[in-house]
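What follows is a single structure, written as structure tokens, with notes after it.
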Amino acid sequence: VIVYSPMGSGLLTGRMTRERIEHLPADDWRSNDARFREPELSRHLVLVDRLVAVAERHDTSPGAVAVAWALRNPAVNGAIVGFPPPRPGRPDPGRYWPSAHRRRRGRDRRRPGEAGSMTVGLGAIGSPLLRGRAPLVVELPDQAWFDVELAHKDIRLALATAQRDGVPLPAAGLADDWLTTASSLGYGHRDIAALYAVLAQRATTSSERAETSASGSSRGDV
Amino acid sequence: LADPEQNIEEGWSTFAELKDEGLVRHIGVSNFDLAQLERVRQIAPVETLQPPYSLVDRDVEQEILPYAEAQGSE
């Protein structure tokens with residue numbers, strides 16, 4: 001059993017005050033959700049206060065306590081969580097999830113590329129998927145969330161279907177090529193964030209090649 | 001399979017076929033109640049279940065979670 005909404009659609013994060021809930025935009029579905037309305041709301045806000053107290057004792061966030069509560073049920077194998085989009089000045093949402101964003105003991109130094117990958121998440125192409133992967137791009141984990149071969153399988157299925165139906169899928173074709181390259185470089189069972197490493201390697205190789213040919217050097221092809 | 005309002009037998013049979021063909025590795029359902037789980041289980045085993053569960057949404061503690069634990073479902 002993998003449960004969803006372990007933080008009650010944001011209600012248990014500790015950031016949902018009565019005032020904020022009363023001012024939720026009309027198009028926010030939660031403004032019509034029974035959990036966010038009286039008579040339930042008062043009871044739930046009391047719960048949140050208790051989560052805050054527990055979180056303080058353990059130096060963590062109320063949301064993390066809520067997730068831990070759901071996971072303690074023996075029937076529950078996992079919990080699906082979502083994060084709000086990062087904004088300047090807001091605490092890093094992944095910091096209480098060490099596997100998503102590893103804490104470095106004694107220092108909080110960002111690695112090269114980290115600021116860049118976080119910035120991409122803030123822009124127009126910053127899908128939740130891309131934002132969630134930013135830390136993995138910076139530091140490729142040994143254990144994949146979703147590995148290159150699985151992604152490649154999906155792309156091949158999409159291409160086969162598209163070909164059968166006579167639909168051109170040029171972007172999927174490119175993805176097919178790069179996933180093949182990633183596998184040949186030994187990234188088959190690594191997370192698809194490895195594609196950034198592959199692109200970076202290839203970019204270096206081709207710029208070296210360009211330099212070599214421009215200088216007329218006899219150095220062989222890389 | 002996430003929409004219990006639709007024809008779940010037809011949907012679940014299709015999922016089972018996809019798994020048999022090797023096109024997907026695992027199949028599961030979301031938001032199903034006990035009766036619906038029992039219905040689709042006749043067609044193919046439910047490998048995973050995805051219900052809402054939190055301190056403010058504890059309905060699944062009544063039947064679903066004990067059932068899943070008893071079945072040894074993931």
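Each chain in the structure tokens gets a letter, A, B and so on, in the order shown; residues start at 1 in every chain, and ligands are counted from 1 in the order they appear.
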
Distance-based interface of chain A with chain B, 10 Å, counting only C-alpha atoms, as number ranges by chain: A: 1-9, 11-12, 35-36, 40-41, 43-44, 47-48, 66-71, 73-80, 153-154, 157

Please write the residues from the selection above to a file, keeping N, CA, C and O atoms, as a CSV table (one decimal), in the first residue's frame.
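Saved to selection-v2.csv:
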chain,number,residue,atom,x,y,z
A,1,VAL,N,0.8,-1.2,0.0
A,1,VAL,CA,0.0,0.0,0.0
A,1,VAL,C,0.9,1.2,0.0
A,1,VAL,O,1.7,1.4,0.9
A,2,ILE,N,0.7,2.1,-1.0
A,2,ILE,CA,1.4,3.3,-1.1
A,2,ILE,C,0.3,4.4,-0.9
A,2,ILE,O,-0.6,4.5,-1.8
A,3,VAL,N,0.4,5.2,0.2
A,3,VAL,CA,-0.7,6.1,0.4
A,3,VAL,C,-0.4,7.5,-0.2
A,3,VAL,O,0.8,7.9,-0.4
A,4,TYR,N,-1.4,8.2,-0.5
A,4,TYR,CA,-1.2,9.6,-1.0
A,4,TYR,C,-1.8,10.6,0.0
A,4,TYR,O,-2.5,10.3,0.9
A,5,SER,N,-1.4,11.9,-0.2
A,5,SER,CA,-1.8,13.0,0.7
A,5,SER,C,-1.5,12.7,2.2
A,5,SER,O,-2.4,12.9,3.0
A,6,PRO,N,-0.3,12.2,2.5
A,6,PRO,CA,-0.1,11.9,4.0
A,6,PRO,C,0.0,13.2,4.8
A,6,PRO,O,-0.1,13.2,6.0
A,7,MET,N,0.1,14.4,4.1
A,7,MET,CA,0.1,15.6,4.8
A,7,MET,C,-1.3,16.3,4.6
A,7,MET,O,-1.4,17.5,4.8
A,8,GLY,N,-2.3,15.5,4.3
A,8,GLY,CA,-3.6,16.1,4.1
A,8,GLY,C,-3.7,17.2,3.2
A,8,GLY,O,-4.3,18.3,3.5
A,9,SER,N,-3.1,17.0,2.0
A,9,SER,CA,-3.2,18.1,0.9
A,9,SER,C,-2.7,19.4,1.4
A,9,SER,O,-3.2,20.5,1.1
A,11,LEU,N,-2.7,20.5,4.6
A,11,LEU,CA,-3.3,20.9,5.8
A,11,LEU,C,-2.3,20.6,7.0
A,11,LEU,O,-2.3,21.4,8.0
A,12,LEU,N,-1.5,19.6,6.9
A,12,LEU,CA,-0.7,19.2,8.1
A,12,LEU,C,0.8,19.7,8.0
A,12,LEU,O,1.6,19.2,8.7
A,35,ARG,N,-12.3,18.8,4.8
A,35,ARG,CA,-11.3,18.8,5.8
A,35,ARG,C,-10.8,20.3,6.0
A,35,ARG,O,-10.3,20.5,7.1
A,36,PHE,N,-11.1,21.1,5.1
A,36,PHE,CA,-10.6,22.5,5.2
A,36,PHE,C,-11.8,23.4,5.6
A,36,PHE,O,-11.6,24.7,5.6
A,40,GLU,N,-14.9,20.4,10.7
A,40,GLU,CA,-13.6,19.6,10.8
A,40,GLU,C,-12.4,20.5,11.1
A,40,GLU,O,-11.5,20.1,11.7
A,41,LEU,N,-12.4,21.7,10.4
A,41,LEU,CA,-11.2,22.5,10.4
A,41,LEU,C,-10.6,22.7,11.8
A,41,LEU,O,-9.4,22.6,12.0
A,43,ARG,N,-10.8,21.1,14.5
A,43,ARG,CA,-10.2,19.9,15.1
A,43,ARG,C,-8.9,19.6,14.4
A,43,ARG,O,-7.9,19.3,15.1
A,44,HIS,N,-8.8,19.9,13.1
A,44,HIS,CA,-7.6,19.6,12.4
A,44,HIS,C,-6.5,20.6,12.8
A,44,HIS,O,-5.3,20.3,12.8
A,47,LEU,N,-4.8,19.5,15.8
A,47,LEU,CA,-3.9,18.4,15.5
A,47,LEU,C,-2.5,19.0,15.0
A,47,LEU,O,-1.5,18.6,15.3
A,48,VAL,N,-2.7,20.1,14.1
A,48,VAL,CA,-1.5,20.7,13.6
A,48,VAL,C,-0.6,21.3,14.7
A,48,VAL,O,0.6,21.1,14.7
A,66,ALA,N,3.9,14.3,10.1
A,66,ALA,CA,2.6,13.7,9.5
A,66,ALA,C,2.9,12.5,8.6
A,66,ALA,O,2.2,11.5,8.7
A,67,VAL,N,4.0,12.6,7.8
A,67,VAL,CA,4.3,11.5,6.9
A,67,VAL,C,4.8,10.3,7.7
A,67,VAL,O,4.4,9.2,7.4
A,68,ALA,N,5.6,10.6,8.8
A,68,ALA,CA,6.1,9.5,9.6
A,68,ALA,C,4.9,8.8,10.3
A,68,ALA,O,4.9,7.6,10.4
A,69,TRP,N,3.9,9.5,10.6
A,69,TRP,CA,2.7,8.9,11.3
A,69,TRP,C,2.0,8.0,10.3
A,69,TRP,O,1.6,6.9,10.7
A,70,ALA,N,1.9,8.4,9.0
A,70,ALA,CA,1.2,7.5,8.1
A,70,ALA,C,2.1,6.3,7.8
A,70,ALA,O,1.5,5.2,7.7
A,71,LEU,N,3.4,6.4,7.8
A,71,LEU,CA,4.3,5.3,7.5
A,71,LEU,C,4.3,4.3,8.6
A,71,LEU,O,4.8,3.1,8.4
A,73,ASN,N,2.0,2.8,10.1
A,73,ASN,CA,1.0,1.8,10.0
A,73,ASN,C,1.6,0.6,9.3
A,73,ASN,O,2.2,0.7,8.2
A,74,PRO,N,1.5,-0.6,9.9
A,74,PRO,CA,2.2,-1.8,9.3
A,74,PRO,C,1.8,-2.1,7.9
A,74,PRO,O,2.5,-2.8,7.1
A,75,ALA,N,0.6,-1.7,7.5
A,75,ALA,CA,0.1,-2.0,6.1
A,75,ALA,C,0.7,-1.1,5.1
A,75,ALA,O,0.6,-1.3,3.9
A,76,VAL,N,1.2,0.0,5.6
A,76,VAL,CA,1.7,1.1,4.6
A,76,VAL,C,3.2,0.9,4.3
A,76,VAL,O,4.0,0.8,5.1
A,77,ASN,N,3.4,0.7,3.0
A,77,ASN,CA,4.8,0.5,2.5
A,77,ASN,C,5.5,1.8,2.1
A,77,ASN,O,6.7,1.9,2.1
A,78,GLY,N,4.7,2.8,1.7
A,78,GLY,CA,5.3,4.1,1.2
A,78,GLY,C,4.3,5.2,1.2
A,78,GLY,O,3.1,4.9,1.4
A,79,ALA,N,4.8,6.4,1.1
A,79,ALA,CA,3.9,7.5,1.1
A,79,ALA,C,4.3,8.5,0.0
A,79,ALA,O,5.5,8.7,-0.2
A,80,ILE,N,3.3,9.0,-0.7
A,80,ILE,CA,3.6,9.9,-1.8
A,80,ILE,C,3.5,11.3,-1.3
A,80,ILE,O,2.5,11.7,-0.7
A,153,LYS,N,12.6,2.1,-22.3
A,153,LYS,CA,11.5,1.2,-22.7
A,153,LYS,C,10.3,1.9,-23.1
A,153,LYS,O,9.6,1.7,-24.1
A,154,ASP,N,10.0,2.9,-22.2
A,154,ASP,CA,8.8,3.8,-22.5
A,154,ASP,C,8.9,4.5,-23.8
A,154,ASP,O,7.9,4.6,-24.6
A,157,LEU,N,8.4,2.1,-26.7
A,157,LEU,CA,7.0,1.8,-26.9
A,157,LEU,C,6.3,2.9,-27.6
A,157,LEU,O,5.4,2.7,-28.5

DSSP strand (DSSP E) selection over chain B, as a PyMOL selection string: chain B and resi 28-30+48-50

All helix (DSSP H, G or I) residues (DSSP, backbone) inside region 22-52 of chain B, as number ranges by chain: B: 34-41

Please write the residues from the selection above to a file, keeping all heavy atoms, as a CSV table (one decimal), in the first residue's frame.
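The resulting again18.csv:
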chain,number,residue,atom,x,y,z
B,34,LEU,N,-13.4,-1.9,-0.5
B,34,LEU,CA,-13.2,-3.3,-0.4
B,34,LEU,C,-13.9,-4.1,-1.4
B,34,LEU,O,-13.4,-5.1,-2.0
B,34,LEU,CB,-13.7,-3.7,1.0
B,34,LEU,CG,-13.0,-4.9,1.7
B,34,LEU,CD1,-11.5,-4.7,1.7
B,34,LEU,CD2,-13.6,-5.1,3.1
B,35,ALA,N,-15.2,-3.8,-1.7
B,35,ALA,CA,-16.0,-4.5,-2.7
B,35,ALA,C,-15.4,-4.5,-4.0
B,35,ALA,O,-15.3,-5.5,-4.8
B,35,ALA,CB,-17.4,-4.0,-2.7
B,36,GLN,N,-14.8,-3.3,-4.4
B,36,GLN,CA,-14.2,-3.1,-5.7
B,36,GLN,C,-12.9,-4.0,-5.8
B,36,GLN,O,-12.6,-4.6,-6.8
B,36,GLN,CB,-13.9,-1.7,-6.0
B,36,GLN,CG,-15.2,-0.9,-6.2
B,36,GLN,CD,-15.0,0.6,-6.0
B,36,GLN,OE1,-14.1,1.1,-5.4
B,36,GLN,NE2,-15.9,1.4,-6.7
B,37,LEU,N,-12.2,-3.9,-4.7
B,37,LEU,CA,-10.9,-4.7,-4.7
B,37,LEU,C,-11.3,-6.2,-4.9
B,37,LEU,O,-10.6,-6.9,-5.7
B,37,LEU,CB,-10.2,-4.6,-3.4
B,37,LEU,CG,-9.4,-3.3,-3.2
B,37,LEU,CD1,-8.9,-3.1,-1.7
B,37,LEU,CD2,-8.2,-3.3,-4.1
B,38,GLU,N,-12.3,-6.7,-4.2
B,38,GLU,CA,-12.7,-8.1,-4.4
B,38,GLU,C,-13.1,-8.4,-5.8
B,38,GLU,O,-12.8,-9.5,-6.3
B,38,GLU,CB,-13.8,-8.4,-3.4
B,38,GLU,CG,-13.3,-8.7,-1.9
B,38,GLU,CD,-12.5,-9.9,-1.9
B,38,GLU,OE1,-12.7,-10.9,-2.6
B,38,GLU,OE2,-11.5,-10.0,-1.0
B,39,ARG,N,-13.8,-7.5,-6.4
B,39,ARG,CA,-14.3,-7.7,-7.8
B,39,ARG,C,-13.1,-7.9,-8.7
B,39,ARG,O,-13.1,-8.8,-9.5
B,39,ARG,CB,-15.1,-6.5,-8.2
B,39,ARG,CG,-16.6,-6.7,-7.9
B,39,ARG,CD,-17.4,-5.4,-8.0
B,39,ARG,NE,-17.4,-4.8,-9.3
B,39,ARG,CZ,-17.7,-3.6,-9.6
B,39,ARG,NH1,-18.1,-2.8,-8.6
B,39,ARG,NH2,-17.7,-3.1,-10.9
B,40,VAL,N,-12.1,-7.0,-8.7
B,40,VAL,CA,-11.0,-7.1,-9.7
B,40,VAL,C,-10.1,-8.2,-9.3
B,40,VAL,O,-9.4,-8.7,-10.2
B,40,VAL,CB,-10.3,-5.7,-9.8
B,40,VAL,CG1,-11.2,-4.6,-10.4
B,40,VAL,CG2,-9.6,-5.3,-8.5
B,41,ARG,N,-10.0,-8.6,-8.1
B,41,ARG,CA,-9.1,-9.6,-7.7
B,41,ARG,C,-9.5,-11.0,-8.3
B,41,ARG,O,-8.6,-11.8,-8.5
B,41,ARG,CB,-9.1,-9.8,-6.1
B,41,ARG,CG,-7.9,-10.4,-5.5
B,41,ARG,CD,-7.9,-10.1,-4.1
B,41,ARG,NE,-8.9,-10.8,-3.3
B,41,ARG,CZ,-8.7,-12.0,-2.7
B,41,ARG,NH1,-7.5,-12.6,-2.9
B,41,ARG,NH2,-9.7,-12.6,-2.1

Contacts of Thr14 (chain B) at 12 Å (only C-alpha atoms; same-chain gap of 2+ positions) as an NGL selection string: :B and (1 or 7-12 or 16-21 or 23-24 or 27 or 40 or 43-44)

Same residues, C-alpha atoms, output as a PDB file, in the first residue's frame:
ATOM      1  CA  LEU B   1      -6.577   2.005 -12.347  1.00  0.00           C
ATOM      2  CA  ASN B   7     -16.182  -0.203 -15.795  1.00  0.00           C
ATOM      3  CA  ILE B   8     -13.502  -1.597 -13.533  1.00  0.00           C
ATOM      4  CA  GLU B   9     -13.683  -5.164 -14.850  1.00  0.00           C
ATOM      5  CA  GLU B  10     -12.929  -4.027 -18.376  1.00  0.00           C
ATOM      6  CA  GLY B  11     -10.172  -1.699 -17.177  1.00  0.00           C
ATOM      7  CA  TRP B  12      -8.550  -4.285 -14.943  1.00  0.00           C
ATOM      8  CA  ALA B  16      -3.739  -7.657 -16.734  1.00  0.00           C
ATOM      9  CA  GLU B  17      -3.203  -8.128 -20.486  1.00  0.00           C
ATOM     10  CA  LEU B  18      -0.619  -5.347 -20.571  1.00  0.00           C
ATOM     11  CA  LYS B  19       1.227  -7.074 -17.762  1.00  0.00           C
ATOM     12  CA  ASP B  20       1.041 -10.467 -19.481  1.00  0.00           C
ATOM     13  CA  GLU B  21       2.494  -8.911 -22.632  1.00  0.00           C
ATOM     14  CA  LEU B  23       4.451  -3.922 -21.446  1.00  0.00           C
ATOM     15  CA  VAL B  24       4.151  -2.970 -17.777  1.00  0.00           C
ATOM     16  CA  ILE B  27      -0.428  -3.192 -11.927  1.00  0.00           C
ATOM     17  CA  VAL B  40     -11.038  -7.057  -9.655  1.00  0.00           C
ATOM     18  CA  ILE B  43      -9.519 -11.208 -12.698  1.00  0.00           C
ATOM     19  CA  ALA B  44      -5.914 -10.661 -11.613  1.00  0.00           C
TER      20      ALA B  44
END

A:Gly10, A:Ala55, A:Leu140, A:Thr17 ranked by distance to Val81 (chain A), top pick (using only C-alpha atoms): A:Gly10

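Residue nearest Gly186 (chain A), chosen from A:Pro39, A:Leu174, A:Val148, A:Arg164 and counting only C-alpha atoms: A:Val148.
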
Surrounding residues of Leu179 (chain A) excluding itself and chain neighbours under 5 positions, 8 Å, only C-alpha atoms, as a PyMOL selection string: chain A and resi 148-149+151-152+195

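Of the residues listed (A:Ala203, A:Ala162, A:Val198, A:Val65), A:Val65 shows the shortest atom-to-atom separation from Leu51 (chain A); distances use only C-alpha atoms.
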